[in-house]
Amino acid sequence: MVRPVRPEDLGGLLELLRWMDADPARRVLAPEARSEEELWWAADEGWVLEQDGRVAGYAALYPFRQGGALEGPLVREADPAPLLGRVDEEARLRGWPTLYAFPNEANAAVRTALEAAGYAALHTSYFFTTPPRDLAYPPPDGVRIERVTNLDPEVYCDLYRASEDAWSLRLGWTALELIEHFQRPDVALWYAYEAGHPVGLVELEITPETAEIAYLGVVPAARGRGVGRALLAAAAGHAFGRGARELKVRAHDHEKAAIALYERLGFKLADAVVTYAKERSP
């Protein structure tokens, strides 16, 4: 039986999440909370799959782009199909044409269930990490790296569009949203300039203990000369200087040069997530 999450489900849901944590082959997008109090706020709008009086599965649906992002389906010794059916019905009621799901690359069981339910794999994102160390690297001749402290949204969008050939998420933000984002104290942005024009950018997001490269891009004409590595070095130096104990980076499966760079620099593969999408009929 699939039904909304109740307060009495929290213990079973926590057990299910900890079971997921123990093996990459079980992982899906799921709440990060690992206490009953925090979990209630994170999962109160989701659904559980109840089987033989226990919580055997969980799913939730949240706005994402022009549709919805699926938490789950997280299941233990159960069929994910009822949860996927409930999510699809909810998306129909909300008028969302597209659903997205994000299972771990190793999660063959959920990936098979998603594909059977009409989801198609779009790409795989690889996540790499490194502890604090010296990643300093000078920019090539004629290129300078500067931190951006007064964002011009039009310049940013033009550079983002020119350096990104597969991901358009930021182009849907308003100018005000972009300005407010890059004014946050936990966000930093650098441009690489050549002949007075920006040819690359790196965005860094910092938490008290970790830092993540949210985006790193270089326009095609400036690639292959170390511009991307110099941008990475600037962000890494800032992150480790602020006390970050770990730097995270990501690359999609089509970004072969970026993956090769991270591996060459000694970053370790920490996770791999497949993005699935389902286009629903009106």
# chains A, B, ... in the order shown; residues from 1 in each chain; ligands from 1
$ select_by_dssp --residues "range 190-256 of chain A" --states "helix (DSSP H, G or I)" --output "PyMOL selection string"
chain A and resi 220-222+227-241+256
$ write_last_selection --atoms "N, CA and C atoms" --output "short mmCIF file (atom, residue, chain, number, x, y, z; two decimals), in the first residue's frame"
data_model
loop_
_atom_site.label_atom_id
_atom_site.label_comp_id
_atom_site.auth_asym_id
_atom_site.auth_seq_id
_atom_site.Cartn_x
_atom_site.Cartn_y
_atom_site.Cartn_z
N PRO A 220 35.12 27.33 -26.27
CA PRO A 220 35.87 26.40 -27.13
C PRO A 220 37.20 26.94 -27.64
N ALA A 221 37.25 28.21 -28.02
CA ALA A 221 38.48 28.77 -28.61
C ALA A 221 39.63 28.83 -27.62
N ALA A 222 39.34 28.78 -26.32
CA ALA A 222 40.39 28.90 -25.30
C ALA A 222 40.72 27.56 -24.63
N VAL A 227 43.59 26.86 -19.29
CA VAL A 227 42.73 27.88 -18.70
C VAL A 227 41.84 27.26 -17.63
N GLY A 228 41.24 26.12 -17.94
CA GLY A 228 40.38 25.45 -16.98
C GLY A 228 41.13 25.04 -15.72
N ARG A 229 42.36 24.56 -15.90
CA ARG A 229 43.15 24.16 -14.74
C ARG A 229 43.52 25.36 -13.88
N ALA A 230 43.82 26.49 -14.51
CA ALA A 230 44.14 27.70 -13.75
C ALA A 230 42.92 28.21 -12.97
N LEU A 231 41.74 28.12 -13.57
CA LEU A 231 40.52 28.50 -12.86
C LEU A 231 40.29 27.57 -11.67
N LEU A 232 40.47 26.28 -11.88
CA LEU A 232 40.32 25.31 -10.79
C LEU A 232 41.29 25.63 -9.66
N ALA A 233 42.52 25.98 -10.01
CA ALA A 233 43.54 26.28 -9.01
C ALA A 233 43.13 27.49 -8.17
N ALA A 234 42.57 28.51 -8.82
CA ALA A 234 42.14 29.70 -8.08
C ALA A 234 41.04 29.37 -7.08
N ALA A 235 40.09 28.58 -7.52
CA ALA A 235 38.99 28.20 -6.62
C ALA A 235 39.48 27.30 -5.49
N ALA A 236 40.37 26.34 -5.81
CA ALA A 236 40.89 25.44 -4.79
C ALA A 236 41.68 26.19 -3.74
N GLY A 237 42.52 27.13 -4.18
CA GLY A 237 43.31 27.91 -3.23
C GLY A 237 42.42 28.70 -2.28
N HIS A 238 41.34 29.26 -2.82
CA HIS A 238 40.40 30.00 -1.98
C HIS A 238 39.70 29.08 -0.99
N ALA A 239 39.25 27.92 -1.47
CA ALA A 239 38.52 26.98 -0.61
C ALA A 239 39.39 26.47 0.52
N PHE A 240 40.59 26.03 0.20
CA PHE A 240 41.46 25.48 1.24
C PHE A 240 41.95 26.59 2.18
N GLY A 241 42.09 27.79 1.64
CA GLY A 241 42.45 28.91 2.49
C GLY A 241 41.37 29.29 3.48
N LYS A 256 34.85 14.60 -21.42
CA LYS A 256 35.99 13.70 -21.31
C LYS A 256 37.25 14.43 -20.84
#
$ select_by_dssp --residues "range 86-210 of chain A" --states "strand (DSSP E)" --output "ChimeraX atom specification"
/A:98-101,120-130,143-147,187-194,197-206,210
$ write_last_selection --atoms "N, CA, C and O atoms" --output "compact mmCIF listing (two decimals), in the first residue's frame"
# COMPACT_ATOMS: atom_id res chain seq x y z
N THR A 98 7.23 16.89 -17.22
CA THR A 98 8.49 16.14 -17.19
C THR A 98 8.84 15.75 -15.76
O THR A 98 8.72 16.57 -14.84
N LEU A 99 9.28 14.53 -15.59
CA LEU A 99 9.76 14.05 -14.30
C LEU A 99 11.22 13.64 -14.44
O LEU A 99 11.63 13.06 -15.45
N TYR A 100 12.02 13.94 -13.40
CA TYR A 100 13.43 13.59 -13.38
C TYR A 100 13.72 12.68 -12.19
O TYR A 100 13.13 12.84 -11.12
N ALA A 101 14.64 11.76 -12.37
CA ALA A 101 15.07 10.86 -11.29
C ALA A 101 16.58 10.75 -11.33
O ALA A 101 17.20 10.87 -12.40
N ALA A 120 13.98 7.72 -19.45
CA ALA A 120 15.14 7.52 -20.32
C ALA A 120 16.36 8.19 -19.71
O ALA A 120 16.27 9.30 -19.18
N ALA A 121 17.50 7.51 -19.78
CA ALA A 121 18.74 8.07 -19.24
C ALA A 121 19.23 9.20 -20.14
O ALA A 121 19.32 9.05 -21.35
N LEU A 122 19.55 10.36 -19.51
CA LEU A 122 20.06 11.50 -20.26
C LEU A 122 21.57 11.57 -20.23
O LEU A 122 22.22 11.75 -21.26
N HIS A 123 22.16 11.47 -19.04
CA HIS A 123 23.61 11.52 -18.91
C HIS A 123 23.98 11.03 -17.51
O HIS A 123 23.13 10.88 -16.63
N THR A 124 25.28 10.80 -17.32
CA THR A 124 25.81 10.40 -16.03
C THR A 124 26.74 11.49 -15.53
O THR A 124 27.56 12.02 -16.29
N SER A 125 26.59 11.85 -14.26
CA SER A 125 27.46 12.86 -13.63
C SER A 125 28.42 12.15 -12.69
O SER A 125 27.99 11.35 -11.85
N TYR A 126 29.72 12.44 -12.84
CA TYR A 126 30.74 11.84 -12.00
C TYR A 126 31.23 12.88 -10.99
O TYR A 126 31.52 14.01 -11.35
N PHE A 127 31.33 12.47 -9.74
CA PHE A 127 31.72 13.36 -8.65
C PHE A 127 33.07 12.90 -8.10
O PHE A 127 33.23 11.73 -7.73
N PHE A 128 34.03 13.83 -8.07
CA PHE A 128 35.38 13.54 -7.60
C PHE A 128 35.69 14.41 -6.39
O PHE A 128 35.14 15.51 -6.24
N THR A 129 36.59 13.94 -5.52
CA THR A 129 36.97 14.72 -4.34
C THR A 129 38.48 14.67 -4.14
O THR A 129 39.17 13.76 -4.62
N THR A 130 38.97 15.66 -3.40
CA THR A 130 40.37 15.66 -2.98
C THR A 130 40.47 16.36 -1.63
O THR A 130 39.72 17.31 -1.37
N VAL A 143 46.55 35.40 -20.36
CA VAL A 143 45.29 35.14 -19.65
C VAL A 143 45.46 35.54 -18.19
O VAL A 143 46.49 35.26 -17.58
N ARG A 144 44.46 36.19 -17.63
CA ARG A 144 44.49 36.52 -16.21
C ARG A 144 43.20 36.00 -15.55
O ARG A 144 42.14 35.94 -16.20
N ILE A 145 43.31 35.63 -14.29
CA ILE A 145 42.18 35.13 -13.51
C ILE A 145 41.79 36.20 -12.49
O ILE A 145 42.65 36.66 -11.73
N GLU A 146 40.53 36.58 -12.46
CA GLU A 146 40.07 37.60 -11.52
C GLU A 146 38.77 37.15 -10.86
O GLU A 146 37.89 36.59 -11.52
N ARG A 147 38.67 37.44 -9.57
CA ARG A 147 37.43 37.15 -8.87
C ARG A 147 36.38 38.21 -9.24
O ARG A 147 36.69 39.40 -9.35
N VAL A 187 29.32 31.70 -1.73
CA VAL A 187 29.48 31.50 -3.17
C VAL A 187 30.55 32.45 -3.68
O VAL A 187 30.60 33.62 -3.28
N ALA A 188 31.42 31.96 -4.55
CA ALA A 188 32.46 32.80 -5.15
C ALA A 188 32.57 32.48 -6.64
O ALA A 188 32.32 31.34 -7.06
N LEU A 189 32.94 33.47 -7.43
CA LEU A 189 33.00 33.35 -8.88
C LEU A 189 34.27 34.00 -9.41
O LEU A 189 34.64 35.09 -8.97
N TRP A 190 34.95 33.32 -10.34
CA TRP A 190 36.12 33.87 -11.02
C TRP A 190 35.92 33.78 -12.53
O TRP A 190 35.31 32.83 -13.04
N TYR A 191 36.44 34.77 -13.26
CA TYR A 191 36.51 34.74 -14.72
C TYR A 191 37.97 34.64 -15.14
O TYR A 191 38.88 35.15 -14.46
N ALA A 192 38.18 34.00 -16.27
CA ALA A 192 39.47 34.07 -16.97
C ALA A 192 39.31 35.05 -18.12
O ALA A 192 38.34 34.95 -18.90
N TYR A 193 40.22 36.01 -18.22
CA TYR A 193 40.16 37.04 -19.26
C TYR A 193 41.32 36.86 -20.24
O TYR A 193 42.45 36.59 -19.84
N GLU A 194 41.03 37.07 -21.52
CA GLU A 194 42.06 37.11 -22.55
C GLU A 194 41.73 38.25 -23.50
O GLU A 194 40.59 38.34 -23.99
N HIS A 197 38.55 40.11 -22.70
CA HIS A 197 37.25 39.46 -22.79
C HIS A 197 37.23 38.19 -21.93
O HIS A 197 38.21 37.43 -21.90
N PRO A 198 36.12 37.90 -21.23
CA PRO A 198 36.04 36.68 -20.44
C PRO A 198 35.96 35.44 -21.33
O PRO A 198 35.19 35.41 -22.30
N VAL A 199 36.81 34.45 -21.02
CA VAL A 199 36.83 33.23 -21.83
C VAL A 199 36.60 31.98 -20.98
O VAL A 199 36.59 30.86 -21.50
N GLY A 200 36.38 32.13 -19.68
CA GLY A 200 36.12 30.99 -18.82
C GLY A 200 35.64 31.45 -17.47
O GLY A 200 35.80 32.63 -17.10
N LEU A 201 35.04 30.54 -16.73
CA LEU A 201 34.55 30.88 -15.39
C LEU A 201 34.56 29.65 -14.50
O LEU A 201 34.52 28.51 -14.98
N VAL A 202 34.65 29.89 -13.19
CA VAL A 202 34.54 28.83 -12.20
C VAL A 202 33.72 29.36 -11.05
O VAL A 202 33.90 30.50 -10.61
N GLU A 203 32.75 28.55 -10.60
CA GLU A 203 31.88 28.90 -9.49
C GLU A 203 32.17 27.95 -8.33
O GLU A 203 32.23 26.73 -8.52
N LEU A 204 32.32 28.52 -7.13
CA LEU A 204 32.65 27.74 -5.94
C LEU A 204 31.58 27.97 -4.89
O LEU A 204 31.19 29.11 -4.62
N GLU A 205 31.13 26.88 -4.27
CA GLU A 205 30.20 26.95 -3.15
C GLU A 205 30.87 26.32 -1.93
O GLU A 205 31.39 25.20 -2.03
N ILE A 206 30.85 27.02 -0.79
CA ILE A 206 31.62 26.61 0.39
C ILE A 206 30.69 26.39 1.57
O ILE A 206 29.81 27.21 1.85
N THR A 210 33.41 21.64 3.68
CA THR A 210 33.65 21.20 2.31
C THR A 210 33.41 22.35 1.33
O THR A 210 32.77 23.34 1.66
$ residues_around --residues "Arg34 in chain A" --least-positions-apart "3" --cutoff "9 Å" --atoms "only C-alpha atoms" --output "list in words"
Leu14, Leu17, Arg18, Pro31, Glu37, Glu38 and Leu39 of chain A
$ atom_distance --atom1 "CA of Asp44 in chain A" --atom2 "CA of Asp9 in chain A"
10.0 Å
$ residues_around --residues "Leu169 in chain A" --least-positions-apart "4" --cutoff "12 Å" --atoms "only C-alpha atoms" --output "list of chain:residue names"
A:Phe64, A:Arg65, A:Gln66, A:Cys157, A:Tyr160, A:Arg161, A:Glu164, A:Asp165, A:Trp173, A:Thr174, A:Leu178, A:Ala214, A:Tyr215
$ residues_around --residues "Leu49 in chain A" --least-positions-apart "6" --cutoff "10 Å" --atoms "only C-alpha atoms" --output "PyMOL selection string"
chain A and resi 1-5+55-59+73-76+78-80+82-83
$ residues_around --residues "Leu176 in chain A" --least-positions-apart "4" --cutoff "9 Å" --atoms "only C-alpha atoms" --output "number ranges by chain"
A: 153, 180-181
$ atom_distance --atom1 "CA of Leu13 in chain A" --atom2 "CA of Gly46 in chain A"
11.0 Å
$ closest_residue --among "A:Gly95, A:Gly53, A:Gly224, A:Gly12" --to "Pro140 in chain A" --atoms "only C-alpha atoms"
A:Gly224
$ closest_residue --among "A:Ala81, A:Val148, A:Leu269, A:Leu247" --to "Thr112 in chain A" --atoms "only C-alpha atoms"
A:Ala81
$ closest_residue --among "A:Tyr62, A:Phe182, A:Tyr262, A:Trp41" --to "Ala91 in chain A" --atoms "only C-alpha atoms"
A:Tyr62
$ residues_around --residues "Glu105 in chain A" --least-positions-apart "6" --cutoff "8 Å" --atoms "only C-alpha atoms" --output "PDB file with C-alpha atoms, in the first residue's frame"
ATOM      1  CA  ALA A  25      24.145   0.188  -5.375  1.00  0.00           C
ATOM      2  CA  THR A 124      25.813  10.396 -16.026  1.00  0.00           C
ATOM      3  CA  ALA A 272      28.297   8.554 -10.140  1.00  0.00           C
ATOM      4  CA  VAL A 273      24.667   9.565 -10.673  1.00  0.00           C
ATOM      5  CA  VAL A 274      22.513   8.955 -13.743  1.00  0.00           C
TER       6      VAL A 274
END
$ closest_residue --among "A:Gly172, A:Pro208, A:Pro97, A:Pro139" --to "Ala69 in chain A" --atoms "only C-alpha atoms"
A:Pro97
$ closest_residue --among "A:Thr207, A:Asn150, A:Asn107, A:Ser163" --to "Pro185 in chain A" --atoms "only C-alpha atoms"
A:Thr207
$ atom_distance --atom1 "CA of Arg225 in chain A" --atom2 "CA of Asp141 in chain A"
9.5 Å
$ closest_residue --among "A:Asn104, A:Leu159, A:Arg280, A:Gly68" --to "Asp21 in chain A" --atoms "only C-alpha atoms"
A:Asn104
$ decode --residues "range 245-256 of chain A" --atoms "all heavy atoms" --output "JSON list (two decimals), in the first residue's frame"
[["chain", "number", "residue", "atom", "x", "y", "z"],
["A", 245, "ARG", "N", 37.94, 21.12, 4.19],
["A", 245, "ARG", "CA", 38.67, 19.87, 4.35],
["A", 245, "ARG", "C", 38.55, 18.96, 3.14],
["A", 245, "ARG", "O", 39.18, 17.91, 3.07],
["A", 245, "ARG", "CB", 38.15, 19.13, 5.58],
["A", 245, "ARG", "CG", 38.33, 19.90, 6.89],
["A", 245, "ARG", "CD", 37.81, 19.11, 8.06],
["A", 245, "ARG", "NE", 37.96, 19.85, 9.31],
["A", 245, "ARG", "CZ", 37.55, 19.40, 10.49],
["A", 245, "ARG", "NH1", 36.96, 18.22, 10.57],
["A", 245, "ARG", "NH2", 37.72, 20.14, 11.58],
["A", 246, "GLU", "N", 37.73, 19.38, 2.18],
["A", 246, "GLU", "CA", 37.52, 18.57, 0.99],
["A", 246, "GLU", "C", 37.03, 19.46, -0.13],
["A", 246, "GLU", "O", 36.25, 20.39, 0.09],
["A", 246, "GLU", "CB", 36.48, 17.48, 1.28],
["A", 246, "GLU", "CG", 36.20, 16.55, 0.12],
["A", 246, "GLU", "CD", 35.15, 15.51, 0.46],
["A", 246, "GLU", "OE1", 33.99, 15.91, 0.73],
["A", 246, "GLU", "OE2", 35.47, 14.32, 0.48],
["A", 247, "LEU", "N", 37.51, 19.20, -1.33],
["A", 247, "LEU", "CA", 37.04, 19.90, -2.52],
["A", 247, "LEU", "C", 36.37, 18.89, -3.43],
["A", 247, "LEU", "O", 36.94, 17.85, -3.77],
["A", 247, "LEU", "CB", 38.19, 20.58, -3.26],
["A", 247, "LEU", "CG", 37.81, 21.31, -4.55],
["A", 247, "LEU", "CD1", 36.88, 22.49, -4.26],
["A", 247, "LEU", "CD2", 39.05, 21.79, -5.29],
["A", 248, "LYS", "N", 35.14, 19.21, -3.83],
["A", 248, "LYS", "CA", 34.38, 18.34, -4.72],
["A", 248, "LYS", "C", 34.27, 18.98, -6.09],
["A", 248, "LYS", "O", 34.10, 20.19, -6.21],
["A", 248, "LYS", "CB", 32.97, 18.11, -4.16],
["A", 248, "LYS", "CG", 32.93, 17.46, -2.78],
["A", 248, "LYS", "CD", 31.49, 17.31, -2.31],
["A", 248, "LYS", "CE", 31.42, 16.68, -0.93],
["A", 248, "LYS", "NZ", 30.01, 16.55, -0.46],
["A", 249, "VAL", "N", 34.36, 18.14, -7.11],
["A", 249, "VAL", "CA", 34.15, 18.59, -8.48],
["A", 249, "VAL", "C", 33.24, 17.59, -9.17],
["A", 249, "VAL", "O", 33.08, 16.45, -8.71],
["A", 249, "VAL", "CB", 35.49, 18.72, -9.26],
["A", 249, "VAL", "CG1", 36.38, 19.77, -8.64],
["A", 249, "VAL", "CG2", 36.21, 17.37, -9.31],
["A", 250, "ARG", "N", 32.67, 18.00, -10.29],
["A", 250, "ARG", "CA", 31.80, 17.09, -11.03],
["A", 250, "ARG", "C", 32.04, 17.25, -12.52],
["A", 250, "ARG", "O", 32.51, 18.29, -12.98],
["A", 250, "ARG", "CB", 30.34, 17.36, -10.71],
["A", 250, "ARG", "CG", 29.79, 18.61, -11.35],
["A", 250, "ARG", "CD", 28.33, 18.84, -11.03],
["A", 250, "ARG", "NE", 28.15, 19.33, -9.67],
["A", 250, "ARG", "CZ", 26.96, 19.61, -9.14],
["A", 250, "ARG", "NH1", 25.87, 19.42, -9.85],
["A", 250, "ARG", "NH2", 26.87, 20.08, -7.92],
["A", 251, "ALA", "N", 31.70, 16.22, -13.26],
["A", 251, "ALA", "CA", 31.78, 16.28, -14.72],
["A", 251, "ALA", "C", 30.76, 15.32, -15.29],
["A", 251, "ALA", "O", 30.56, 14.22, -14.76],
["A", 251, "ALA", "CB", 33.19, 15.91, -15.20],
["A", 252, "HIS", "N", 30.09, 15.73, -16.37],
["A", 252, "HIS", "CA", 29.16, 14.84, -17.05],
["A", 252, "HIS", "C", 29.95, 13.89, -17.95],
["A", 252, "HIS", "O", 31.11, 14.14, -18.31],
["A", 252, "HIS", "CB", 28.15, 15.64, -17.87],
["A", 252, "HIS", "CG", 27.32, 16.56, -17.04],
["A", 252, "HIS", "ND1", 26.76, 16.18, -15.84],
["A", 252, "HIS", "CD2", 26.95, 17.85, -17.22],
["A", 252, "HIS", "CE1", 26.07, 17.18, -15.33],
["A", 252, "HIS", "NE2", 26.19, 18.21, -16.14],
["A", 253, "ASP", "N", 29.30, 12.81, -18.33],
["A", 253, "ASP", "CA", 30.01, 11.76, -19.08],
["A", 253, "ASP", "C", 30.54, 12.25, -20.42],
["A", 253, "ASP", "O", 31.51, 11.68, -20.94],
["A", 253, "ASP", "CB", 29.12, 10.52, -19.27],
["A", 253, "ASP", "CG", 27.71, 10.86, -19.73],
["A", 253, "ASP", "OD1", 27.45, 12.01, -20.11],
["A", 253, "ASP", "OD2", 26.86, 9.95, -19.70],
["A", 254, "HIS", "N", 29.94, 13.31, -20.99],
["A", 254, "HIS", "CA", 30.45, 13.80, -22.28],
["A", 254, "HIS", "C", 31.67, 14.71, -22.12],
["A", 254, "HIS", "O", 32.33, 15.03, -23.10],
["A", 254, "HIS", "CB", 29.34, 14.57, -23.03],
["A", 254, "HIS", "CG", 29.00, 15.89, -22.42],
["A", 254, "HIS", "ND1", 28.18, 16.01, -21.32],
["A", 254, "HIS", "CD2", 29.36, 17.16, -22.76],
["A", 254, "HIS", "CE1", 28.05, 17.29, -21.00],
["A", 254, "HIS", "NE2", 28.76, 18.01, -21.86],
["A", 255, "GLU", "N", 31.98, 15.10, -20.87],
["A", 255, "GLU", "CA", 33.09, 16.03, -20.63],
["A", 255, "GLU", "C", 34.38, 15.23, -20.38],
["A", 255, "GLU", "O", 34.92, 15.20, -19.29],
["A", 255, "GLU", "CB", 32.75, 16.93, -19.45],
["A", 255, "GLU", "CG", 31.55, 17.82, -19.72],
["A", 255, "GLU", "CD", 31.09, 18.59, -18.50],
["A", 255, "GLU", "OE1", 31.04, 18.02, -17.40],
["A", 255, "GLU", "OE2", 30.77, 19.79, -18.66],
["A", 256, "LYS", "N", 34.85, 14.60, -21.42],
["A", 256, "LYS", "CA", 35.99, 13.70, -21.31],
["A", 256, "LYS", "C", 37.25, 14.43, -20.84],
["A", 256, "LYS", "O", 38.02, 13.89, -20.03],
["A", 256, "LYS", "CB", 36.26, 13.03, -22.66],
["A", 256, "LYS", "CG", 35.06, 12.32, -23.27],
["A", 256, "LYS", "CD", 34.54, 11.20, -22.39],
["A", 256, "LYS", "CE", 33.39, 10.46, -23.08],
["A", 256, "LYS", "NZ", 32.77, 9.43, -22.20]]
